[in-house]
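Enquirer: The following file, work-v1.cif, comprises mmCIF, C-alpha atoms:
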data_protein
loop_
_atom_site.label_atom_id
_atom_site.label_comp_id
_atom_site.auth_asym_id
_atom_site.auth_seq_id
_atom_site.Cartn_x
_atom_site.Cartn_y
_atom_site.Cartn_z
CA MET A 1 0.00 0.00 0.00
CA ARG A 2 2.83 2.37 0.75
CA ILE A 3 4.42 1.61 -2.63
CA GLN A 4 1.14 2.34 -4.40
CA THR A 5 0.82 5.66 -2.56
CA ARG A 6 4.39 6.61 -3.45
CA HIS A 7 3.74 5.65 -7.06
CA THR A 8 0.58 7.79 -7.14
CA LYS A 9 2.37 10.79 -5.67
CA ARG A 10 5.20 10.40 -8.16
CA TRP A 11 2.89 10.44 -11.18
CA LEU A 12 0.89 13.33 -9.78
CA ALA A 13 4.11 15.30 -9.33
CA VAL A 14 5.18 14.46 -12.89
CA SER A 15 1.84 15.55 -14.32
CA LEU A 16 1.90 18.81 -12.36
CA VAL A 17 5.43 19.56 -13.59
CA LEU A 18 4.36 18.90 -17.17
CA LEU A 19 1.30 21.09 -16.67
CA ALA A 20 3.44 23.89 -15.27
CA GLY A 21 5.73 23.61 -18.29
CA LEU A 22 2.74 23.76 -20.61
CA PHE A 23 1.44 26.90 -18.91
CA ALA A 24 4.91 28.46 -19.07
CA VAL A 25 5.02 27.88 -22.82
CA ALA A 26 1.48 29.21 -23.25
CA LEU A 27 2.14 32.37 -21.23
CA ALA A 28 5.77 33.27 -21.95
CA GLY A 29 6.48 31.37 -25.17
CA PRO A 30 5.08 33.96 -27.63
CA TYR A 31 7.44 36.58 -26.18
CA LEU A 32 10.53 34.36 -26.37
CA VAL A 33 10.26 32.84 -29.85
CA PRO A 34 13.09 33.72 -32.24
CA HIS A 35 10.82 34.74 -35.13
CA GLN A 36 7.62 36.74 -35.50
CA PRO A 37 4.89 34.08 -35.78
CA PHE A 38 2.50 36.27 -37.80
CA LYS A 39 4.93 38.05 -40.12
CA PRO A 40 5.15 36.49 -43.61
CA ASP A 41 8.45 36.11 -45.44
CA MET A 42 7.86 34.65 -48.89
CA ARG A 43 11.59 34.11 -49.39
CA GLN A 44 11.43 31.43 -46.68
CA ALA A 45 8.20 29.76 -47.86
CA PHE A 46 8.09 25.96 -47.45
CA SER A 47 11.55 25.76 -45.93
CA PRO A 48 12.00 22.24 -44.51
CA PRO A 49 12.96 21.71 -40.87
CA GLY A 50 16.54 22.74 -40.35
CA ALA A 51 18.92 25.06 -38.57
CA GLY A 52 17.21 28.29 -39.63
CA HIS A 53 13.73 27.12 -38.68
CA ILE A 54 13.77 24.08 -36.44
CA LEU A 55 10.33 22.89 -37.57
CA GLY A 56 10.35 24.50 -41.01
CA THR A 57 8.11 27.23 -42.41
CA ASP A 58 4.62 27.39 -43.91
CA ASN A 59 3.32 28.65 -47.26
CA LEU A 60 3.92 32.27 -46.22
CA GLY A 61 7.37 31.69 -44.79
CA ARG A 62 6.25 31.87 -41.17
CA CYS A 63 8.12 29.76 -38.63
CA VAL A 64 6.09 26.65 -37.77
CA PHE A 65 7.68 26.32 -34.33
CA CYS A 66 6.89 29.94 -33.45
CA ARG A 67 3.30 29.56 -34.61
CA ILE A 68 2.87 26.38 -32.58
CA VAL A 69 4.13 28.18 -29.49
CA ALA A 70 1.92 31.19 -30.23
CA GLY A 71 -1.10 28.94 -30.67
CA CYS A 72 -0.48 27.05 -27.42
CA GLY A 73 -2.06 29.76 -25.29
CA THR A 74 -5.04 30.10 -27.63
CA SER A 75 -5.79 26.37 -27.66
CA VAL A 76 -5.12 25.65 -23.99
CA PHE A 77 -6.75 28.69 -22.42
CA SER A 78 -9.80 28.50 -24.68
CA ALA A 79 -10.27 24.88 -23.61
CA LEU A 80 -9.83 25.85 -19.96
CA ALA A 81 -12.45 28.58 -20.40
CA VAL A 82 -14.91 26.02 -21.80
CA VAL A 83 -14.26 23.54 -18.99
CA THR A 84 -14.55 26.25 -16.33
CA ILE A 85 -17.89 27.49 -17.68
CA VAL A 86 -19.44 24.03 -18.06
CA PHE A 87 -18.03 22.93 -14.69
CA VAL A 88 -19.71 25.81 -12.85
CA PHE A 89 -22.96 25.77 -14.81
CA GLY A 90 -23.37 22.00 -15.10
CA THR A 91 -22.44 21.33 -11.48
CA GLY A 92 -24.82 24.01 -10.26
CA MET A 93 -27.67 22.60 -12.33
CA GLY A 94 -26.96 19.02 -11.31
CA VAL A 95 -26.56 19.72 -7.60
CA THR A 96 -29.75 21.80 -7.55
CA ALA A 97 -31.72 19.13 -9.39
CA GLY A 98 -30.39 16.29 -7.25
CA PHE A 99 -30.87 18.03 -3.93
CA LEU A 100 -34.32 19.51 -4.55
CA GLY A 101 -35.70 16.55 -6.50
CA GLY A 102 -39.32 16.52 -7.65
CA ALA A 103 -40.35 18.75 -10.55
CA VAL A 104 -37.03 20.61 -10.63
CA ASP A 105 -35.14 17.34 -11.02
CA ARG A 106 -37.44 16.11 -13.79
CA VAL A 107 -37.25 19.36 -15.78
CA VAL A 108 -33.45 19.57 -15.57
CA MET A 109 -33.02 15.93 -16.58
CA LYS A 110 -35.40 16.34 -19.53
CA ILE A 111 -33.40 19.33 -20.76
CA THR A 112 -30.18 17.36 -20.34
CA LEU A 113 -31.61 14.45 -22.32
CA VAL A 114 -32.56 16.79 -25.17
CA PHE A 115 -28.96 18.00 -25.46
CA GLN A 116 -27.58 14.48 -25.18
CA ALA A 117 -29.90 13.16 -27.88
CA PHE A 118 -27.49 14.46 -30.54
CA PRO A 119 -23.89 13.36 -31.12
CA SER A 120 -21.80 15.86 -29.19
CA PHE A 121 -19.51 17.06 -31.98
CA ILE A 122 -22.38 17.26 -34.49
CA LEU A 123 -24.30 19.44 -32.05
CA ALA A 124 -21.24 21.63 -31.54
CA VAL A 125 -20.87 22.02 -35.31
CA ALA A 126 -24.56 22.93 -35.63
CA VAL A 127 -24.38 25.55 -32.86
CA ALA A 128 -21.14 26.99 -34.24
CA GLY A 129 -22.68 27.14 -37.70
CA ILE A 130 -25.63 29.12 -36.33
CA LEU A 131 -23.46 31.49 -34.30
CA GLY A 132 -20.83 31.93 -37.02
CA ASN A 133 -17.11 31.34 -37.01
CA GLY A 134 -14.81 32.88 -34.44
CA LEU A 135 -13.06 31.75 -31.30
CA ALA A 136 -15.70 33.09 -28.91
CA ASN A 137 -18.50 31.36 -30.80
CA SER A 138 -16.62 28.06 -30.81
CA VAL A 139 -16.25 28.35 -27.04
CA LEU A 140 -20.01 28.90 -26.69
CA SER A 141 -20.81 25.99 -29.00
CA LEU A 142 -18.65 23.60 -26.96
CA CYS A 143 -20.19 24.89 -23.72
CA ALA A 144 -23.58 23.88 -25.12
CA VAL A 145 -22.27 20.33 -25.50
CA TYR A 146 -20.11 19.63 -22.45
CA TRP A 147 -22.28 20.98 -19.62
CA THR A 148 -24.51 17.90 -19.64
CA THR A 149 -21.69 15.64 -18.40
CA TYR A 150 -21.25 17.69 -15.22
CA CYS A 151 -24.98 18.10 -14.72
CA ARG A 152 -25.64 14.36 -14.79
CA LEU A 153 -22.58 13.50 -12.70
CA ALA A 154 -23.29 16.18 -10.08
CA ARG A 155 -26.94 15.17 -9.91
CA SER A 156 -26.04 11.48 -9.47
CA LEU A 157 -23.52 12.26 -6.73
CA THR A 158 -25.96 14.59 -4.95
CA VAL A 159 -28.75 12.01 -4.98
CA SER A 160 -26.39 9.45 -3.43
CA LEU A 161 -25.31 11.94 -0.74
CA ARG A 162 -28.52 13.74 0.22
CA ASP A 163 -29.84 10.90 2.41
CA MET A 164 -26.56 10.16 4.17
CA PRO A 165 -26.81 10.09 7.99
CA TYR A 166 -24.65 13.17 8.52
CA ILE A 167 -26.84 15.22 6.16
CA ARG A 168 -29.97 14.02 7.95
CA ALA A 169 -28.35 15.01 11.22
CA ALA A 170 -27.59 18.45 9.79
CA ARG A 171 -31.25 18.87 8.81
CA VAL A 172 -32.38 17.83 12.31
CA CYS A 173 -30.02 20.42 13.77
CA GLY A 174 -31.71 23.11 11.70
CA ALA A 175 -29.14 23.59 8.90
CA GLY A 176 -30.59 25.17 5.79
CA LYS A 177 -30.36 23.77 2.26
CA LEU A 178 -27.62 26.12 1.08
CA PRO A 179 -25.28 25.47 4.06
CA ILE A 180 -25.79 21.72 3.62
CA LEU A 181 -24.93 21.97 -0.07
CA VAL A 182 -21.83 24.10 0.53
CA LYS A 183 -20.52 22.28 3.61
CA TYR A 184 -21.39 18.65 2.92
CA VAL A 185 -22.57 17.90 -0.62
CA LEU A 186 -20.11 19.88 -2.76
CA PRO A 187 -16.93 18.84 -0.88
CA ASN A 188 -17.86 15.17 -1.22
CA ALA A 189 -18.82 15.49 -4.89
CA ALA A 190 -15.83 17.64 -5.84
CA PRO A 191 -13.17 14.90 -6.35
CA ALA A 192 -15.06 13.10 -9.13
CA LEU A 193 -16.00 16.42 -10.75
CA PHE A 194 -12.41 17.72 -10.72
CA VAL A 195 -11.11 14.49 -12.25
CA THR A 196 -13.74 14.71 -14.98
CA ALA A 197 -12.77 18.35 -15.64
CA ALA A 198 -9.07 17.49 -15.94
CA LEU A 199 -9.83 14.69 -18.40
CA ASP A 200 -12.21 16.90 -20.39
CA VAL A 201 -9.64 19.60 -21.14
CA GLY A 202 -7.84 17.40 -23.65
CA SER A 203 -11.13 16.43 -25.27
CA VAL A 204 -12.16 20.08 -25.53
CA VAL A 205 -8.80 20.99 -27.11
CA LEU A 206 -9.41 18.34 -29.79
CA SER A 207 -13.01 19.46 -30.33
CA MET A 208 -11.96 23.08 -30.67
CA ALA A 209 -9.25 22.11 -33.14
CA GLY A 210 -11.88 20.14 -35.07
CA LEU A 211 -14.20 23.15 -35.27
CA SER A 212 -11.33 25.36 -36.43
CA PHE A 213 -10.30 22.76 -38.99
CA LEU A 214 -13.83 22.90 -40.42
CA GLY A 215 -13.69 26.70 -40.54
CA LEU A 216 -16.07 27.18 -37.61
CA GLY A 217 -13.52 28.16 -34.97
CA ALA A 218 -10.64 30.60 -34.79
CA ILE A 219 -10.11 32.74 -37.87
CA ARG A 220 -6.95 34.14 -39.40
CA PRO A 221 -4.45 35.32 -38.33
CA THR A 222 -5.05 33.48 -35.01
CA ALA A 223 -2.48 30.71 -34.69
CA GLU A 224 -4.88 28.14 -33.24
CA TRP A 225 -3.66 24.64 -34.06
CA GLY A 226 -6.82 23.43 -35.78
CA ALA A 227 -6.98 26.57 -37.93
CA VAL A 228 -3.30 26.19 -38.84
CA MET A 229 -3.86 22.56 -39.84
CA SER A 230 -6.87 23.54 -41.92
CA GLU A 231 -4.81 26.11 -43.77
CA ALA A 232 -1.97 23.61 -44.26
CA LYS A 233 -4.07 20.70 -45.57
CA ASP A 234 -3.65 21.95 -49.14
CA TYR A 235 0.11 21.59 -48.78
CA LEU A 236 0.17 18.13 -47.20
CA GLN A 237 2.28 16.65 -50.01
CA THR A 238 4.68 19.56 -50.41
CA ALA A 239 5.04 20.57 -46.73
CA PRO A 240 3.77 17.73 -44.50
CA TRP A 241 5.71 19.03 -41.51
CA ILE A 242 3.16 21.81 -40.89
CA ILE A 243 0.31 19.41 -40.10
CA LEU A 244 2.54 16.78 -38.50
CA PHE A 245 4.10 19.12 -35.96
CA ASN A 246 0.83 20.85 -35.11
CA GLY A 247 -0.76 17.42 -34.67
CA ALA A 248 2.12 16.45 -32.40
CA ALA A 249 1.47 19.56 -30.29
CA LEU A 250 -2.18 18.52 -29.94
CA PHE A 251 -1.11 15.01 -28.94
CA ILE A 252 1.26 16.33 -26.26
CA VAL A 253 -1.35 18.64 -24.72
CA VAL A 254 -4.04 15.95 -24.65
CA THR A 255 -1.58 13.48 -23.12
CA VAL A 256 -0.59 15.94 -20.38
CA PHE A 257 -4.18 16.58 -19.32
CA ASN A 258 -5.11 12.89 -19.52
CA LEU A 259 -2.12 12.07 -17.33
CA LEU A 260 -3.21 14.79 -14.90
CA GLY A 261 -6.75 13.39 -14.79
CA ASP A 262 -5.55 9.84 -14.15
CA SER A 263 -3.13 11.02 -11.46
CA LEU A 264 -5.82 13.09 -9.75
CA ARG A 265 -8.23 10.16 -9.85
CA ASP A 266 -5.70 7.97 -8.07
CA ALA A 267 -4.67 10.67 -5.60
CA LEU A 268 -8.24 11.67 -4.72
CA ASP A 269 -9.49 8.09 -4.83
CA ALA A 270 -12.31 9.20 -7.10
CA GLY A 271 -12.06 6.36 -9.55
CA GLY A 272 -15.06 4.53 -8.16
CA GLU A 273 -17.31 7.56 -8.45
CA ILE A 274 -16.82 8.21 -12.14
#
For this file, produce the structure as structure tokens.
Expert:
Amino acid sequence: MRIQTRHTKRWLAVSLVLLAGLFAVALAGPYLVPHQPFKPDMRQAFSPPGAGHILGTDNLGRCVFCRIVAGCGTSVFSALAVVTIVFVFGTGMGVTAGFLGGAVDRVVMKITLVFQAFPSFILAVAVAGILGNGLANSVLSLCAVYWTTYCRLARSLTVSLRDMPYIRAARVCGAGKLPILVKYVLPNAAPALFVTAALDVGSVVLSMAGLSFLGLGAIRPTAEWGAVMSEAKDYLQTAPWIILFNGAALFIVVTVFNLLGDSLRDALDAGGEI
């Protein structure tokens, strides 16, 4: 048991270090890159990876490495914004429905079922198509998809907790609904919700890249990875490194957040609740 605990702490530390490195790149990277990521230089167009440009250049002569670094903050922080919004909204809806029960619970669950009746990415594409392209609209379209996960999970956890002996004792002692929710329900439901949020960040990054690839997300000159890959698909045979390296950046980010979610699940012992 001690070895398992040490192993869990080690992987949690590794994931936190990787996450800190990712945030450092997202925040400081655009100011430290050797080339201007948005400035074209047609003399350097389609330069292969080498000493001058470590990951090569694109069709306008822009450094691929610098654009990947510049797009890191856009992709990561947009995904974090989506997860934060759906975490707060979905958890609030789910906890309220689970704790109050009755008509409130039935109405909230019916609304959730309506949103979950459609494939998630198809619904996101439909919402983004209605709102129009742009980074803010892609964030809103993904919020319309991902909130249902937290609503259902928070509702399920609240239903399992609301009749626990210590909550009954709190009611007998005269505690109101809001203090019970804040002091007892939310702290016990939080581990599973935080693990789900950590795992969802990588999924949201991929979904946002997918919307941008379809032309429904970030627009030029934003260096969002999906938008960059969409622009580079026409040059896949002549300059494959543009898509390959941006795809590798997506893979690394998703892996980091998945590792963080798994490590948190083990550390918080939330695996059985998800």
Enquirer: If we draw a sphere of 12 Å around (-4.4, 24.4, -39.5), which residues have at least one atom in it when counting only C-alpha atoms? Please report them as a PyMOL selection string.
Expert: chain A and resi 58-59+64+67-68+71+208-215+217-236+240-247+249-250
Enquirer: Show me, as a PyMOL selection string, the residues that have an atom within 12 Å of Phe118 of chain A when counting all atoms listed in the file, minus same-chain residues fewer than 4 positions from it.
Expert: chain A and resi 112-114+122-127+144-145+148
Enquirer: Which residues come within 7 Å of Arg155 of chain A, counting all atoms listed in the file, excluding same-chain residues fewer than 6 positions away, as an mmCIF file with C-alpha atoms, keeping the file's coordinate frame?
Expert:
data_model
loop_
_atom_site.group_PDB
_atom_site.id
_atom_site.type_symbol
_atom_site.label_atom_id
_atom_site.label_comp_id
_atom_site.auth_asym_id
_atom_site.auth_seq_id
_atom_site.Cartn_x
_atom_site.Cartn_y
_atom_site.Cartn_z
ATOM 1 C CA GLY A 94 -26.960 19.020 -11.310
ATOM 2 C CA VAL A 95 -26.560 19.720 -7.600
ATOM 3 C CA ALA A 97 -31.720 19.130 -9.390
ATOM 4 C CA GLY A 98 -30.390 16.290 -7.250
#
Enquirer: Which residues would end up in the selection if the PyMOL selection byres ((chain A and resi 87-93) around 9) were applied here, given that I need the answer as an MDAnalysis selection string?
Expert: chainID A and resid 82:86 94:98 108 146:155 193:194 197
Enquirer: Which residues are close to Val185 of chain A, i.e. within 10 Å by all atoms listed in the file, leaving aside same-chain residues fewer than 6 positions away? Reply as a ChimeraX atom specification.
Expert: /A:95,99,154,157-162,164,167,178-179
Enquirer: Atom CA of Asn133 of chain A and atom CA of Val25 of chain A are how many Å apart?
Expert: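 Separating atom CA of Asn133 of chain A from atom CA of Val25 of chain A is a distance of 26.5 Å.
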Enquirer: Within 6 Å of (-6.9, 20.9, -26.8), in the coordinates the file gives, what residues turn up when you count only C-alpha atoms, written out as a PDB file with C-alpha atoms, in the frame of the given file?
Expert:
ATOM      1  CA  SER A  75      -5.790  26.370 -27.660  1.00  0.00           C
ATOM      2  CA  VAL A  76      -5.120  25.650 -23.990  1.00  0.00           C
ATOM      3  CA  GLY A 202      -7.840  17.400 -23.650  1.00  0.00           C
ATOM      4  CA  VAL A 204     -12.160  20.080 -25.530  1.00  0.00           C
ATOM      5  CA  VAL A 205      -8.800  20.990 -27.110  1.00  0.00           C
ATOM      6  CA  LEU A 206      -9.410  18.340 -29.790  1.00  0.00           C
TER       7      LEU A 206
END
Enquirer: Will you model N, CA, C and O atoms for segment 129-144 of chain A and pass it back as an mmCIF file, keeping the file's coordinate frame?
Expert:
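Produced file part-v8.cif, reproduced below:
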data_model
loop_
_atom_site.group_PDB
_atom_site.id
_atom_site.type_symbol
_atom_site.label_atom_id
_atom_site.label_comp_id
_atom_site.auth_asym_id
_atom_site.auth_seq_id
_atom_site.Cartn_x
_atom_site.Cartn_y
_atom_site.Cartn_z
ATOM 1 N N GLY A 129 -22.205 26.677 -36.398
ATOM 2 C CA GLY A 129 -22.680 27.140 -37.700
ATOM 3 C C GLY A 129 -23.746 28.212 -37.575
ATOM 4 O O GLY A 129 -23.808 29.135 -38.386
ATOM 5 N N ILE A 130 -24.596 28.100 -36.556
ATOM 6 C CA ILE A 130 -25.630 29.120 -36.330
ATOM 7 C C ILE A 130 -25.015 30.422 -35.820
ATOM 8 O O ILE A 130 -25.372 31.515 -36.273
ATOM 9 N N LEU A 131 -24.064 30.304 -34.888
ATOM 10 C CA LEU A 131 -23.460 31.490 -34.300
ATOM 11 C C LEU A 131 -22.472 32.175 -35.239
ATOM 12 O O LEU A 131 -22.243 33.375 -35.142
ATOM 13 N N GLY A 132 -21.851 31.383 -36.124
ATOM 14 C CA GLY A 132 -20.830 31.930 -37.020
ATOM 15 C C GLY A 132 -19.448 31.601 -36.508
ATOM 16 O O GLY A 132 -19.258 31.248 -35.338
ATOM 17 N N ASN A 133 -18.465 31.698 -37.409
ATOM 18 C CA ASN A 133 -17.110 31.340 -37.010
ATOM 19 C C ASN A 133 -16.512 32.395 -36.090
ATOM 20 O O ASN A 133 -17.021 33.502 -35.957
ATOM 21 N N GLY A 134 -15.441 32.018 -35.432
ATOM 22 C CA GLY A 134 -14.810 32.880 -34.440
ATOM 23 C C GLY A 134 -14.522 32.097 -33.177
ATOM 24 O O GLY A 134 -15.238 31.146 -32.844
ATOM 25 N N LEU A 135 -13.486 32.483 -32.478
ATOM 26 C CA LEU A 135 -13.060 31.750 -31.300
ATOM 27 C C LEU A 135 -14.102 31.802 -30.190
ATOM 28 O O LEU A 135 -14.389 30.788 -29.541
ATOM 29 N N ALA A 136 -14.698 32.959 -29.961
ATOM 30 C CA ALA A 136 -15.700 33.090 -28.910
ATOM 31 C C ALA A 136 -16.919 32.221 -29.194
ATOM 32 O O ALA A 136 -17.468 31.573 -28.290
ATOM 33 N N ASN A 137 -17.344 32.172 -30.446
ATOM 34 C CA ASN A 137 -18.500 31.360 -30.800
ATOM 35 C C ASN A 137 -18.204 29.863 -30.682
ATOM 36 O O ASN A 137 -19.083 29.074 -30.322
ATOM 37 N N SER A 138 -16.975 29.467 -30.984
ATOM 38 C CA SER A 138 -16.620 28.060 -30.810
ATOM 39 C C SER A 138 -16.603 27.674 -29.339
ATOM 40 O O SER A 138 -16.987 26.557 -28.972
ATOM 41 N N VAL A 139 -16.192 28.601 -28.481
ATOM 42 C CA VAL A 139 -16.250 28.350 -27.040
ATOM 43 C C VAL A 139 -17.691 28.157 -26.592
ATOM 44 O O VAL A 139 -18.006 27.221 -25.841
ATOM 45 N N LEU A 140 -18.589 29.017 -27.058
ATOM 46 C CA LEU A 140 -20.010 28.900 -26.690
ATOM 47 C C LEU A 140 -20.611 27.600 -27.215
ATOM 48 O O LEU A 140 -21.407 26.953 -26.523
ATOM 49 N N SER A 141 -20.249 27.210 -28.427
ATOM 50 C CA SER A 141 -20.810 25.990 -29.000
ATOM 51 C C SER A 141 -20.357 24.757 -28.219
ATOM 52 O O SER A 141 -21.149 23.825 -28.017
ATOM 53 N N LEU A 142 -19.123 24.737 -27.749
ATOM 54 C CA LEU A 142 -18.650 23.600 -26.960
ATOM 55 C C LEU A 142 -19.242 23.619 -25.559
ATOM 56 O O LEU A 142 -19.473 22.560 -24.964
ATOM 57 N N CYS A 143 -19.503 24.805 -25.025
ATOM 58 C CA CYS A 143 -20.190 24.890 -23.720
ATOM 59 C C CYS A 143 -21.577 24.265 -23.809
ATOM 60 O O CYS A 143 -22.028 23.609 -22.861
ATOM 61 N N ALA A 144 -22.253 24.446 -24.944
ATOM 62 C CA ALA A 144 -23.580 23.880 -25.120
ATOM 63 C C ALA A 144 -23.561 22.362 -25.144
ATOM 64 O O ALA A 144 -24.599 21.719 -24.933
#
